[in-house]
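> Dropping in final_20.cif, which is mmCIF, C-alpha atoms:
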```cif
data_model
#
loop_
_atom_site.label_atom_id
_atom_site.label_comp_id
_atom_site.auth_asym_id
_atom_site.auth_seq_id
_atom_site.Cartn_x
_atom_site.Cartn_y
_atom_site.Cartn_z
CA MET F 1424 0.00 0.00 0.00
CA ARG F 1425 1.04 3.60 -0.53
CA PHE F 1426 1.52 4.53 3.15
CA VAL F 1427 3.51 1.38 3.88
CA ALA F 1428 5.71 2.06 0.85
CA GLU F 1429 6.40 5.56 2.17
CA ILE F 1430 7.45 4.16 5.52
CA GLU F 1431 9.86 1.76 3.86
CA GLN F 1432 11.72 4.70 2.30
CA TYR F 1433 12.96 5.79 5.74
CA ASP F 1434 15.39 4.34 8.24
CA SER F 1435 14.47 4.49 11.92
CA ASN F 1436 15.77 8.03 12.41
CA ALA F 1437 13.90 9.31 9.38
CA LEU F 1438 10.76 7.65 10.69
CA ARG F 1439 11.08 9.63 13.91
CA GLN F 1440 12.01 12.94 12.30
CA GLY F 1441 10.37 13.04 8.90
CA LEU F 1442 7.27 10.84 8.96
CA GLU F 1443 4.98 13.41 10.52
CA ALA F 1444 5.72 16.14 7.98
CA LYS F 1445 5.41 13.82 4.97
CA VAL F 1446 2.50 11.58 5.79
CA VAL F 1447 0.40 12.92 8.66
CA GLU F 1448 -1.66 15.24 6.42
CA HIS F 1449 -2.98 12.15 4.63
CA ILE F 1450 -3.69 10.03 7.66
CA ARG F 1451 -4.62 12.38 10.48
CA ILE F 1452 -8.22 11.17 10.55
CA GLN F 1453 -7.80 7.67 9.11
CA PHE F 1454 -4.45 6.42 10.37
CA ILE F 1455 -5.95 4.10 12.98
CA ARG F 1456 -7.64 2.02 10.26
CA SER F 1457 -4.86 2.01 7.67
CA PRO F 1458 -1.85 -0.29 7.15
CA LEU F 1459 0.30 2.62 8.35
CA PHE F 1460 -1.01 2.28 11.89
CA CYS F 1461 -0.10 -1.40 11.89
CA ALA F 1462 3.35 -0.49 10.66
CA ILE F 1463 3.72 2.05 13.48
CA LEU F 1464 2.70 -0.60 15.98
CA ARG F 1465 5.30 -3.01 14.64
CA TYR F 1466 7.98 -0.29 14.69
CA SER F 1467 7.28 0.76 18.28
CA ALA F 1468 7.17 -2.84 19.42
CA SER F 1469 10.67 -3.38 18.06
CA ALA F 1470 12.08 -0.03 19.22
CA ARG F 1471 10.43 -0.26 22.68
CA ASP F 1472 10.87 3.47 23.30
CA PRO F 1473 8.24 6.17 22.88
CA PHE F 1474 7.99 8.68 20.05
CA GLN F 1475 5.48 11.34 19.02
CA LEU F 1476 3.47 11.41 15.79
CA GLY F 1477 0.86 14.01 14.86
CA GLY F 1478 0.02 14.94 18.43
CA PHE F 1479 0.04 11.36 19.74
CA MET F 1480 2.61 9.63 21.93
CA PHE F 1481 3.35 6.03 20.99
CA GLY F 1482 5.10 3.87 23.54
CA TRP F 1483 5.71 0.26 24.53
CA HIS F 1484 4.03 -0.85 27.73
CA PRO F 1485 3.91 -4.61 28.46
CA GLY F 1486 0.51 -5.80 29.57
CA ARG F 1487 -1.52 -3.28 27.58
CA LEU F 1488 -3.13 -3.79 24.18
CA GLY F 1489 -0.51 -5.88 22.40
CA GLY F 1490 2.11 -4.05 24.45
CA MET F 1491 1.10 -0.76 22.86
CA ALA F 1492 -0.17 2.31 24.67
CA VAL F 1493 -1.36 5.34 22.71
CA SER F 1494 -2.34 8.66 24.25
CA GLY F 1495 -3.09 12.15 23.02
CA THR F 1496 -0.70 14.96 23.89
CA GLN F 1497 -2.52 17.98 22.54
CA GLY F 1498 -4.07 20.38 25.00
CA GLY F 1499 -3.17 18.18 27.96
CA CYS F 1500 -5.88 15.70 26.89
CA SER F 1501 -5.35 11.95 27.19
CA LYS F 1502 -8.68 10.46 26.20
CA GLY F 1503 -7.49 7.85 23.72
CA LEU F 1504 -6.64 7.82 20.05
CA MET F 1505 -8.56 10.96 19.05
CA PRO F 1506 -8.07 13.69 21.73
CA LEU F 1507 -11.17 15.74 22.52
CA ASP F 1508 -11.93 18.41 25.08
CA GLU F 1509 -15.55 17.39 25.50
CA LYS F 1510 -16.74 15.08 28.24
CA ALA F 1511 -16.91 11.45 27.14
CA VAL F 1512 -20.39 10.12 26.31
CA LYS F 1513 -21.76 6.71 25.41
CA VAL F 1514 -21.48 5.87 21.73
CA HIS F 1515 -25.17 4.91 21.68
CA HIS F 1516 -26.17 8.43 22.65
CA LEU F 1517 -24.23 9.75 19.67
CA VAL F 1518 -25.32 7.52 16.83
CA LYS F 1519 -28.49 5.65 17.82
CA ALA F 1520 -31.32 6.60 15.47
CA PRO F 1521 -33.65 8.83 17.55
CA GLU F 1522 -37.27 7.72 17.47
CA ASN F 1523 -38.42 11.24 16.74
CA ALA F 1524 -35.89 12.18 14.07
CA PRO F 1525 -37.77 13.47 10.99
CA ASP F 1526 -36.48 10.71 8.71
CA SER F 1527 -37.39 7.96 11.18
CA VAL F 1528 -40.90 9.33 11.70
CA ARG F 1529 -41.43 9.75 7.95
CA ILE F 1530 -40.39 6.17 7.24
CA ARG F 1531 -42.53 4.68 10.01
CA GLU F 1532 -45.62 6.62 9.01
CA ALA F 1533 -45.23 5.52 5.39
CA TRP F 1534 -45.83 1.85 6.20
CA ASP F 1535 -49.30 0.33 5.99
CA ALA F 1536 -49.99 -0.90 9.52
CA LYS F 1537 -52.47 -3.50 8.24
CA GLU F 1538 -49.88 -5.36 6.14
CA PRO F 1539 -46.86 -7.30 7.46
CA ALA F 1540 -43.34 -6.10 6.76
CA VAL F 1541 -42.66 -9.25 4.71
CA PHE F 1542 -43.56 -12.94 4.48
CA TYR F 1543 -42.05 -15.76 2.44
CA THR F 1544 -41.52 -19.54 2.36
CA THR F 1545 -38.26 -21.50 2.46
CA PRO F 1546 -37.17 -25.15 2.66
CA GLU F 1547 -36.64 -26.23 6.25
CA VAL F 1548 -36.20 -29.27 8.48
CA LEU F 1549 -38.49 -30.26 11.36
CA PRO F 1550 -36.94 -31.29 14.70
CA ASP F 1551 -37.28 -34.97 13.75
CA GLY F 1552 -35.28 -34.39 10.57
CA THR F 1553 -38.23 -34.35 8.17
CA PRO F 1554 -37.82 -31.87 5.28
CA CYS F 1555 -40.64 -29.35 5.12
CA THR F 1556 -41.69 -25.91 3.91
CA ALA F 1557 -41.51 -23.07 6.43
CA ALA F 1558 -43.34 -19.75 6.33
CA THR F 1559 -41.52 -16.74 7.78
CA LEU F 1560 -43.82 -13.91 8.86
CA ILE F 1561 -42.35 -10.56 9.92
CA PHE F 1562 -45.04 -8.40 11.48
CA ARG F 1563 -45.08 -4.64 11.70
CA THR F 1564 -45.38 -3.94 15.44
CA LYS F 1565 -44.51 -1.22 17.93
CA GLY F 1566 -40.97 -2.56 18.09
CA CYS F 1567 -38.68 -3.73 20.84
CA VAL F 1568 -38.89 -2.55 24.46
CA TRP F 1569 -35.11 -2.66 24.69
CA TRP F 1570 -34.82 -0.42 21.63
CA TRP F 1571 -37.14 2.11 23.28
CA ASN F 1572 -34.57 2.42 26.09
CA SER F 1573 -31.28 1.87 24.25
CA GLY F 1574 -31.07 -0.75 21.50
CA CYS F 1575 -28.53 -3.23 20.14
CA THR F 1576 -25.61 -1.86 18.14
CA PHE F 1577 -26.40 -3.90 15.02
CA CYS F 1578 -30.20 -4.22 14.93
CA GLY F 1579 -32.10 -2.10 12.42
CA TYR F 1580 -35.52 -3.66 12.94
CA PHE F 1581 -36.76 -0.32 14.28
CA ASN F 1582 -36.89 0.77 10.63
CA ASP F 1583 -39.91 -1.55 10.15
CA VAL F 1584 -42.08 -0.57 13.11
CA ARG F 1585 -44.89 1.92 13.78
CA ASP F 1586 -45.66 3.57 17.10
CA ASP F 1587 -49.41 3.56 16.51
CA VAL F 1588 -50.01 -0.11 15.67
CA THR F 1589 -53.27 -1.37 17.22
CA LEU F 1590 -54.80 -4.76 17.92
CA ASP F 1591 -56.92 -4.44 14.78
CA ASP F 1592 -53.78 -3.73 12.75
CA VAL F 1593 -51.81 -6.79 13.85
CA MET F 1594 -54.87 -9.03 13.52
CA ALA F 1595 -55.30 -7.73 9.97
CA GLN F 1596 -51.64 -8.58 9.27
CA TRP F 1597 -52.20 -12.14 10.55
CA GLU F 1598 -55.27 -12.57 8.35
CA HIS F 1599 -53.34 -11.15 5.38
CA CYS F 1600 -50.60 -13.76 5.80
CA LYS F 1601 -53.10 -16.61 6.09
CA LYS F 1602 -54.91 -15.45 2.96
CA GLU F 1603 -51.77 -15.03 0.86
CA LEU F 1604 -50.35 -18.39 2.00
CA ASN F 1605 -53.64 -20.23 1.42
CA ASP F 1606 -54.18 -20.80 5.15
CA PHE F 1607 -50.72 -22.45 5.37
CA GLU F 1608 -51.60 -25.30 3.02
CA GLY F 1609 -48.50 -27.42 2.42
CA ILE F 1610 -46.64 -25.61 5.19
CA ASP F 1611 -45.52 -27.40 8.36
CA MET F 1612 -43.49 -24.71 10.12
CA VAL F 1613 -44.30 -21.06 10.89
CA LYS F 1614 -41.77 -18.52 12.15
CA VAL F 1615 -43.36 -15.42 13.70
CA TYR F 1616 -41.04 -12.43 14.08
CA THR F 1617 -42.09 -9.12 15.61
CA SER F 1618 -38.90 -7.02 15.67
CA GLY F 1619 -38.84 -7.71 19.41
CA THR F 1620 -40.29 -10.24 21.86
CA PHE F 1621 -43.43 -12.02 20.64
CA PHE F 1622 -45.02 -12.48 24.07
CA GLU F 1623 -44.10 -9.07 25.53
CA ASP F 1624 -47.43 -7.38 26.29
CA ARG F 1625 -45.98 -3.86 26.00
CA GLU F 1626 -45.06 -4.62 22.39
CA ASN F 1627 -47.86 -6.89 21.18
CA PRO F 1628 -51.50 -7.19 22.30
CA PRO F 1629 -52.08 -10.36 24.39
CA GLU F 1630 -55.22 -11.13 22.34
CA TRP F 1631 -53.08 -11.30 19.18
CA GLN F 1632 -50.50 -13.50 20.89
CA ASP F 1633 -53.27 -15.83 22.06
CA ALA F 1634 -54.80 -16.08 18.57
CA ILE F 1635 -51.52 -17.04 16.89
CA LEU F 1636 -50.52 -19.54 19.59
CA ARG F 1637 -53.90 -21.29 19.55
CA GLU F 1638 -54.42 -21.29 15.77
CA THR F 1639 -50.98 -22.64 14.91
CA HIS F 1640 -51.38 -25.35 17.55
CA GLU F 1641 -54.80 -26.35 16.24
CA LYS F 1642 -53.41 -26.60 12.70
CA GLY F 1643 -50.51 -28.78 13.90
CA LEU F 1644 -47.89 -26.25 12.79
CA HIS F 1645 -44.42 -26.17 14.31
CA LEU F 1646 -44.18 -22.63 15.70
CA ILE F 1647 -41.04 -20.57 16.32
CA VAL F 1648 -41.20 -17.18 18.05
CA GLU F 1649 -38.48 -14.80 19.20
CA ALA F 1650 -37.75 -13.28 22.60
CA GLN F 1651 -35.10 -11.51 24.61
CA ALA F 1652 -33.76 -13.53 27.52
CA GLN F 1653 -34.86 -11.09 30.23
CA MET F 1654 -38.45 -11.22 28.93
CA CYS F 1655 -38.79 -14.97 29.60
CA SER F 1656 -40.56 -14.84 32.98
CA PRO F 1657 -41.91 -18.09 34.49
CA GLU F 1658 -45.49 -16.79 34.40
CA LYS F 1659 -45.41 -15.73 30.75
CA ILE F 1660 -43.65 -18.87 29.51
CA ALA F 1661 -46.22 -21.03 31.31
CA TRP F 1662 -48.93 -18.97 29.59
CA VAL F 1663 -47.32 -19.62 26.18
CA ALA F 1664 -46.84 -23.35 26.85
CA GLU F 1665 -50.50 -23.72 27.81
CA ARG F 1666 -51.62 -22.37 24.42
CA HIS F 1667 -49.02 -24.01 22.17
CA PRO F 1668 -47.22 -26.89 23.91
CA GLY F 1669 -43.83 -27.69 22.45
CA CYS F 1670 -43.34 -24.51 20.43
CA VAL F 1671 -39.83 -23.09 20.09
CA VAL F 1672 -38.58 -19.82 21.56
CA ALA F 1673 -35.57 -18.36 19.78
CA ILE F 1674 -33.35 -16.12 21.91
CA GLY F 1675 -30.83 -13.74 20.39
CA LEU F 1676 -27.90 -14.48 22.68
CA GLU F 1677 -25.45 -13.23 20.00
CA ALA F 1678 -22.32 -14.03 22.07
CA TYR F 1679 -21.51 -16.29 24.99
CA ASP F 1680 -19.34 -13.59 26.54
CA ASP F 1681 -20.62 -10.92 28.91
CA GLU F 1682 -18.03 -8.39 27.78
CA VAL F 1683 -19.06 -8.78 24.14
CA LEU F 1684 -22.74 -8.62 25.08
CA ARG F 1685 -22.25 -5.38 26.97
CA PHE F 1686 -19.65 -3.44 25.00
CA HIS F 1687 -19.89 -4.86 21.46
CA CYS F 1688 -23.60 -5.67 21.17
CA ASN F 1689 -25.29 -3.67 23.95
CA LYS F 1690 -27.77 -6.53 24.37
CA GLY F 1691 -29.22 -5.53 27.72
CA PHE F 1692 -28.84 -8.95 29.37
CA SER F 1693 -26.10 -11.33 30.50
CA THR F 1694 -25.22 -14.96 29.90
CA LYS F 1695 -26.57 -15.71 33.38
CA GLN F 1696 -29.98 -14.37 32.33
CA TRP F 1697 -29.82 -16.47 29.17
CA HIS F 1698 -29.18 -19.62 31.22
CA ARG F 1699 -32.13 -18.73 33.45
CA ALA F 1700 -34.37 -18.28 30.39
CA VAL F 1701 -33.27 -21.65 28.97
CA ASP F 1702 -34.10 -23.35 32.30
CA ILE F 1703 -37.57 -21.77 32.34
CA LEU F 1704 -38.25 -22.88 28.76
CA ARG F 1705 -37.15 -26.44 29.54
CA GLU F 1706 -39.30 -26.57 32.68
CA ASN F 1707 -42.32 -25.77 30.51
CA GLY F 1708 -41.49 -28.24 27.75
CA LEU F 1709 -40.65 -25.62 25.11
CA GLY F 1710 -37.87 -25.82 22.54
CA VAL F 1711 -34.77 -23.62 22.65
CA LYS F 1712 -33.19 -21.98 19.62
CA THR F 1713 -30.11 -19.81 20.18
CA TYR F 1714 -28.96 -17.08 17.84
CA LEU F 1715 -25.27 -16.19 17.68
CA LEU F 1716 -23.81 -13.21 15.85
CA PHE F 1717 -20.73 -13.72 13.69
CA LYS F 1718 -18.34 -10.74 13.89
CA PRO F 1719 -19.92 -8.20 16.25
CA PRO F 1720 -18.62 -4.63 15.91
CA PHE F 1721 -15.22 -3.72 17.38
CA MET F 1722 -13.88 -7.20 16.64
CA SER F 1723 -11.44 -8.45 14.01
CA GLU F 1724 -12.15 -11.26 11.56
CA GLY F 1725 -9.72 -13.62 13.26
CA ASP F 1726 -11.15 -12.97 16.72
CA ALA F 1727 -14.71 -13.38 15.42
CA LEU F 1728 -13.88 -16.78 13.94
CA ASN F 1729 -12.17 -18.11 17.06
CA HIS F 1730 -14.78 -16.74 19.45
CA CYS F 1731 -17.78 -17.96 17.48
CA VAL F 1732 -16.39 -21.48 17.29
CA GLU F 1733 -16.09 -21.54 21.09
CA TRP F 1734 -19.55 -20.02 21.56
CA ILE F 1735 -21.13 -22.71 19.37
CA ARG F 1736 -19.39 -25.47 21.31
CA THR F 1737 -20.65 -23.97 24.57
CA VAL F 1738 -24.32 -23.29 23.75
CA ALA F 1739 -25.05 -26.19 21.37
CA PRO F 1740 -25.30 -28.86 24.11
CA ILE F 1741 -28.06 -26.88 25.87
CA SER F 1742 -29.92 -25.72 22.74
CA ASP F 1743 -32.06 -27.64 20.27
CA GLU F 1744 -30.78 -25.46 17.43
CA VAL F 1745 -28.00 -22.91 17.06
CA SER F 1746 -28.44 -20.32 14.32
CA VAL F 1747 -25.37 -18.26 13.45
CA ASN F 1748 -26.20 -14.94 11.83
CA PRO F 1749 -23.27 -13.33 10.00
CA MET F 1750 -23.34 -9.58 10.43
CA ASN F 1751 -25.20 -7.65 7.76
CA ILE F 1752 -25.25 -3.86 7.78
CA GLN F 1753 -28.71 -2.53 8.67
CA ARG F 1754 -29.66 1.11 8.18
CA ARG F 1755 -29.32 3.72 10.93
CA THR F 1756 -27.45 1.44 13.34
CA ILE F 1757 -24.12 1.91 15.06
CA VAL F 1758 -22.65 -0.75 12.78
CA ASP F 1759 -23.96 1.20 9.79
CA ARG F 1760 -22.14 4.30 11.05
CA LEU F 1761 -18.93 2.31 11.52
CA PHE F 1762 -19.29 0.72 8.09
CA ARG F 1763 -19.80 4.04 6.30
CA ASN F 1764 -16.78 5.43 8.14
CA ARG F 1765 -14.68 2.43 7.02
CA GLU F 1766 -14.26 1.17 10.57
CA TYR F 1767 -16.08 -2.12 10.07
CA ARG F 1768 -16.07 -4.76 7.33
CA PRO F 1769 -18.69 -7.53 7.08
CA PRO F 1770 -17.29 -11.05 7.51
CA TRP F 1771 -15.81 -13.24 4.81
CA LEU F 1772 -17.89 -16.14 3.55
CA TRP F 1773 -14.73 -18.21 3.90
CA SER F 1774 -14.81 -17.55 7.65
CA LEU F 1775 -18.28 -19.12 7.82
CA VAL F 1776 -17.07 -22.18 5.95
CA GLU F 1777 -14.10 -22.49 8.30
CA MET F 1778 -16.35 -22.07 11.35
CA ILE F 1779 -18.68 -24.84 10.16
CA GLU F 1780 -15.78 -27.19 9.39
CA ARG F 1781 -14.29 -26.65 12.86
CA VAL F 1782 -17.48 -27.41 14.82
CA HIS F 1783 -19.01 -30.10 12.59
CA PRO F 1784 -20.67 -32.26 13.75
CA ALA F 1785 -22.25 -29.93 16.32
CA GLU F 1786 -24.67 -31.15 18.95
CA GLY F 1787 -28.21 -30.50 17.78
CA ARG F 1788 -28.61 -28.59 14.55
CA LEU F 1789 -26.35 -25.81 13.29
CA ILE F 1790 -27.98 -23.26 10.98
CA VAL F 1791 -26.07 -20.57 9.08
CA HIS F 1792 -28.10 -18.23 6.86
CA PRO F 1793 -25.88 -15.36 5.60
CA THR F 1794 -28.34 -12.54 4.91
CA ALA F 1795 -27.29 -10.48 1.87
CA ALA F 1796 -24.56 -13.01 1.08
CA GLY F 1797 -22.28 -11.74 -1.67
CA LYS F 1798 -23.43 -8.14 -1.29
CA ILE F 1799 -21.17 -5.41 0.04
CA ARG F 1800 -23.33 -5.01 3.19
CA GLY F 1801 -23.45 -8.74 3.90
CA ALA F 1802 -20.90 -11.51 4.29
CA HIS F 1803 -18.93 -11.64 1.06
CA ASN F 1804 -15.71 -12.68 -0.66
CA CYS F 1805 -14.01 -11.22 -3.70
CA GLY F 1806 -17.13 -11.18 -5.87
CA LYS F 1807 -16.17 -14.09 -8.13
CA CYS F 1808 -16.91 -16.97 -5.77
CA ASP F 1809 -19.63 -15.45 -3.57
CA ARG F 1810 -22.61 -17.11 -5.22
CA GLU F 1811 -21.08 -20.59 -5.09
CA VAL F 1812 -19.80 -20.33 -1.51
CA GLY F 1813 -23.01 -18.72 -0.22
CA ALA F 1814 -25.13 -21.43 -1.84
CA ALA F 1815 -23.00 -24.16 -0.25
CA ILE F 1816 -23.50 -22.61 3.20
CA GLU F 1817 -27.26 -22.45 2.66
CA ARG F 1818 -27.36 -26.09 1.52
CA TYR F 1819 -25.42 -27.17 4.60
CA SER F 1820 -28.01 -25.56 6.87
CA VAL F 1821 -30.61 -27.96 5.47
CA SER F 1822 -28.58 -31.08 4.71
CA MET F 1823 -26.03 -30.88 7.58
CA ASP F 1824 -23.61 -32.53 5.13
CA ILE F 1825 -20.04 -31.23 5.37
CA ALA F 1826 -19.44 -32.52 1.83
CA GLU F 1827 -21.29 -29.43 0.58
CA PHE F 1828 -17.94 -27.60 0.82
CA THR F 1829 -15.90 -30.15 -1.11
CA GLY F 1830 -14.07 -28.59 -4.04
CA LEU F 1831 -14.79 -24.96 -3.07
CA ASP F 1832 -11.81 -22.74 -3.82
CA CYS F 1833 -10.86 -19.30 -5.13
CA GLU F 1834 -7.80 -17.08 -5.35
CA CYS F 1835 -9.21 -14.86 -2.58
CA LYS F 1836 -9.08 -17.73 -0.08
CA LYS F 1837 -5.32 -17.19 0.35
CA ARG F 1838 -5.92 -13.53 1.16
CA TRP F 1839 -8.61 -14.45 3.66
CA ARG F 1840 -6.30 -16.96 5.33
CA CYS F 1841 -3.53 -14.35 5.57
CA GLU F 1842 -5.91 -11.82 7.14
CA VAL F 1843 -7.12 -14.24 9.79
CA GLU F 1844 -3.56 -15.21 10.71
CA LEU F 1845 -2.41 -11.57 10.90
CA ASP F 1846 -5.37 -10.68 13.10
CA ALA F 1847 -3.99 -13.13 15.66
CA ALA F 1848 -0.44 -11.76 15.40
CA ILE F 1849 -0.80 -7.96 15.10
CA PRO F 1850 -2.31 -5.85 17.93
CA ALA F 1851 -4.96 -4.13 15.81
CA PRO F 1852 -8.35 -4.45 17.56
CA LEU F 1853 -10.40 -3.77 14.41
CA GLY F 1854 -8.32 -6.16 12.31
CA VAL F 1855 -5.79 -5.69 9.52
CA GLY F 1856 -7.96 -6.52 6.53
CA LEU F 1857 -8.90 -4.06 3.80
CA ASP F 1858 -11.98 -3.86 1.60
CA ARG F 1859 -12.27 -6.89 -0.66
CA ARG F 1860 -13.57 -4.87 -3.60
CA GLY F 1861 -12.79 -1.51 -5.17
CA ASP F 1862 -9.57 0.50 -5.21
CA HIS F 1863 -7.66 0.23 -1.93
CA ILE F 1864 -6.01 3.65 -2.18
CA ASP F 1865 -9.37 5.33 -2.81
CA ALA F 1866 -10.72 3.47 0.22
CA LEU F 1867 -7.97 4.93 2.41
CA MET F 1868 -8.38 8.46 1.09
CA SER F 1869 -12.10 8.85 1.70
CA PRO F 1870 -14.53 7.33 4.26
#
```
Here is the file; what I need is its structure written in the form of structure tokens.

Amino acid sequence: MRFVAEIEQYDSNALRQGLEAKVVEHIRIQFIRSPLFCAILRYSASARDPFQLGGFMFGWHPGRLGGMAVSGTQGGCSKGLMPLDEKAVKVHHLVKAPENAPDSVRIREAWDAKEPAVFYTTPEVLPDGTPCTAATLIFRTKGCVWWWNSGCTFCGYFNDVRDDVTLDDVMAQWEHCKKELNDFEGIDMVKVYTSGTFFEDRENPPEWQDAILRETHEKGLHLIVEAQAQMCSPEKIAWVAERHPGCVVAIGLEAYDDEVLRFHCNKGFSTKQWHRAVDILRENGLGVKTYLLFKPPFMSEGDALNHCVEWIRTVAPISDEVSVNPMNIQRRTIVDRLFRNREYRPPWLWSLVEMIERVHPAEGRLIVHPTAAGKIRGAHNCGKCDREVGAAIERYSVSMDIAEFTGLDCECKKRWRCEVELDAAIPAPLGVGLDRRGDHIDALMSP
């Protein structure tokens, strides 16, 4: 890369004395996410004595991030990589989409509250292994209680909700789905998603919950609903089990790591609360589906791969199904802001293949559905092999046959492998990888 080439023109003294004047004008805002920053880290690690660059003091301190400590020196401020005089605030308060922002209100009011956000059918597998057709119904509701208070860093479901949805509206959406899907003829599984917790009364009218639970049970349909762990109270789960015995509750755990849940995902609950929810579901005879998130924000590709493998091995034995959702960039989220500022890259499809190969055969069923696979905002490779690799991952989720990946290869796989290995060796928290498509120099010059 250009910046690395410029560094290589200098010896160590020139790096100390001339680097700032020659390069800092190009990298003042972007140096922390460019190959130059990695080069600086490597240089300081070898020199082991501090030096100043562009108002920042770089120094070697064993025990800190990869041995590297970075602090601002301008104006007596030492608040991290980008010195500021203002008082520190939570990132969510800066970039979370406000409910009352004009754009958000305009979008919400544009939706027809009597029609669901989307519905479709896909091939699926019942718990006993029988292939079937599943209907996925995404209702337009009032949204998630947790989003009202804070919200997850990656979830953009608030883009599909309306504040004024009534009981009549959601009942009309249910009738619309039944009509369009011919009253679920030829369908054995129904997934009901509400952009929040299905059985949370503050989000969805209890009468509507009761109607869906009873009707799907009477029709003999395998029902899957979603919930947050802290919403799974003993009283409410018993109420659900009474109306649809044996249905499945899918919980978005995202990560089996309290630090990741709090600081990367902002989930609003802990692994301890997830365990409690699983116990309550089991006590009432309900199924457990666990969602995991591949590559949360503020995590490198290599770390995401290693962590997710361990999370699957931990939660699979106590779940009926584990569904891994590779990050896709949803509008107006914190991850969207990071992505547009070139501080986050969606995962490689090769990482998903590697993850599956490491954990196969997993206890229970492992599902991986890469939303927007091959697109720039979803998990993707170089662009040449995306369709083939994405299709193989989708087939595996139904067949559970590791042979689906036999013969898959591409030139970009070597680059992916190199990136994952460097992520484990270089102290760069956001990873060392660059964009897989487009001109790399243009990517460095402009966010």
> For the structure shown, which residues end up in the PyMOL selection byres ((chain F and resi 1750-1763) around 7)? Put them as a list of chain:residue names, please?
F:Val1518, F:Lys1519, F:Ala1520, F:Thr1576, F:Phe1577, F:Cys1578, F:Gly1579, F:Leu1716, F:Phe1717, F:Lys1718, F:Pro1719, F:Pro1720, F:Asn1748, F:Pro1749, F:Asn1764, F:Arg1765, F:Glu1766, F:Tyr1767, F:Arg1768, F:Pro1769, F:Pro1770, F:Thr1794, F:Ala1795, F:Arg1800, F:Gly1801, F:Ala1802, F:Pro1870
> Between F:Arg1705, F:Lys1690, F:Arg1585, F:His1698, which one has atoms that come closest to F:Thr1737, using all atoms listed in the file?
F:His1698
> Could you list, as a PyMOL selection string, every residue matched by the PyMOL selection byres ((chain F and resi 1666-1676) around 8) in this structure?
chain F and resi 1633+1636-1637+1639-1640+1645-1652+1662-1665+1677-1679+1694+1697+1704+1708-1715
> Which distance in Å separates atom CA of F:Arg1736 and atom CA of F:Pro1784, to one decimal?
10.2 Å
> Provide the atom CA of F:Gly1574 to atom CA of F:Tyr1616 distance in Å, to one decimal place.
17.1 Å
> Hey, which of F:Cys1805, F:Cys1575, F:Val1738, F:Ala1558 ends up closest to F:Phe1607? Count only C-alpha atoms.
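With only C-alpha atoms as the atom set, the closest residue is F:Ala1558.
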> Could you state which residues are captured by the PyMOL selection byres ((chain F and resi 1588-1590) around 8) in this file, as a PyMOL selection string?
chain F and resi 1536+1563-1565+1585-1587+1591-1594+1627-1628+1630-1631
> Quick one: distance from atom CA of F:Ser1723 to atom CA of F:Gly1691 in Å, one decimal?
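One can read the atom CA of F:Ser1723 to atom CA of F:Gly1691 distance as 22.6 Å.
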> Can you pull out every residue within 12 Å of F:Thr1829, counting all atoms listed in the file, but drop anything in the same chain fewer than 3 positions away, and send it as a PyMOL selection string?
chain F and resi 1776+1780+1811-1812+1815-1816+1819+1824-1826+1832
> Quick one: stretch 1618-1627 of chain F with N, CA and C atoms, as a PDB file, keeping the file's coordinate frame?

```pdb
ATOM      1  N   SER F1618     -39.898  -8.072  15.424  1.00  0.00           N
ATOM      2  CA  SER F1618     -38.900  -7.020  15.670  1.00  0.00           C
ATOM      3  C   SER F1618     -38.739  -6.772  17.164  1.00  0.00           C
ATOM      4  N   GLY F1619     -38.953  -7.801  17.957  1.00  0.00           N
ATOM      5  CA  GLY F1619     -38.840  -7.710  19.410  1.00  0.00           C
ATOM      6  C   GLY F1619     -39.185  -9.050  20.033  1.00  0.00           C
ATOM      7  N   THR F1620     -39.883  -9.017  21.156  1.00  0.00           N
ATOM      8  CA  THR F1620     -40.290 -10.240  21.860  1.00  0.00           C
ATOM      9  C   THR F1620     -41.764 -10.517  21.587  1.00  0.00           C
ATOM     10  N   PHE F1621     -42.062 -11.680  21.049  1.00  0.00           N
ATOM     11  CA  PHE F1621     -43.430 -12.020  20.640  1.00  0.00           C
ATOM     12  C   PHE F1621     -44.413 -11.896  21.790  1.00  0.00           C
ATOM     13  N   PHE F1622     -44.065 -12.433  22.972  1.00  0.00           N
ATOM     14  CA  PHE F1622     -45.020 -12.480  24.070  1.00  0.00           C
ATOM     15  C   PHE F1622     -44.816 -11.360  25.095  1.00  0.00           C
ATOM     16  N   GLU F1623     -44.214 -10.251  24.670  1.00  0.00           N
ATOM     17  CA  GLU F1623     -44.100  -9.070  25.530  1.00  0.00           C
ATOM     18  C   GLU F1623     -45.339  -8.197  25.339  1.00  0.00           C
ATOM     19  N   ASP F1624     -46.143  -8.065  26.400  1.00  0.00           N
ATOM     20  CA  ASP F1624     -47.430  -7.380  26.290  1.00  0.00           C
ATOM     21  C   ASP F1624     -47.291  -5.893  25.959  1.00  0.00           C
ATOM     22  N   ARG F1625     -46.172  -5.270  26.329  1.00  0.00           N
ATOM     23  CA  ARG F1625     -45.980  -3.860  26.000  1.00  0.00           C
ATOM     24  C   ARG F1625     -45.745  -3.656  24.503  1.00  0.00           C
ATOM     25  N   GLU F1626     -45.328  -4.703  23.829  1.00  0.00           N
ATOM     26  CA  GLU F1626     -45.060  -4.620  22.390  1.00  0.00           C
ATOM     27  C   GLU F1626     -46.227  -5.121  21.560  1.00  0.00           C
ATOM     28  N   ASN F1627     -46.828  -6.228  21.981  1.00  0.00           N
ATOM     29  CA  ASN F1627     -47.860  -6.890  21.180  1.00  0.00           C
ATOM     30  C   ASN F1627     -49.086  -7.201  22.032  1.00  0.00           C
TER      31      ASN F1627
END
```
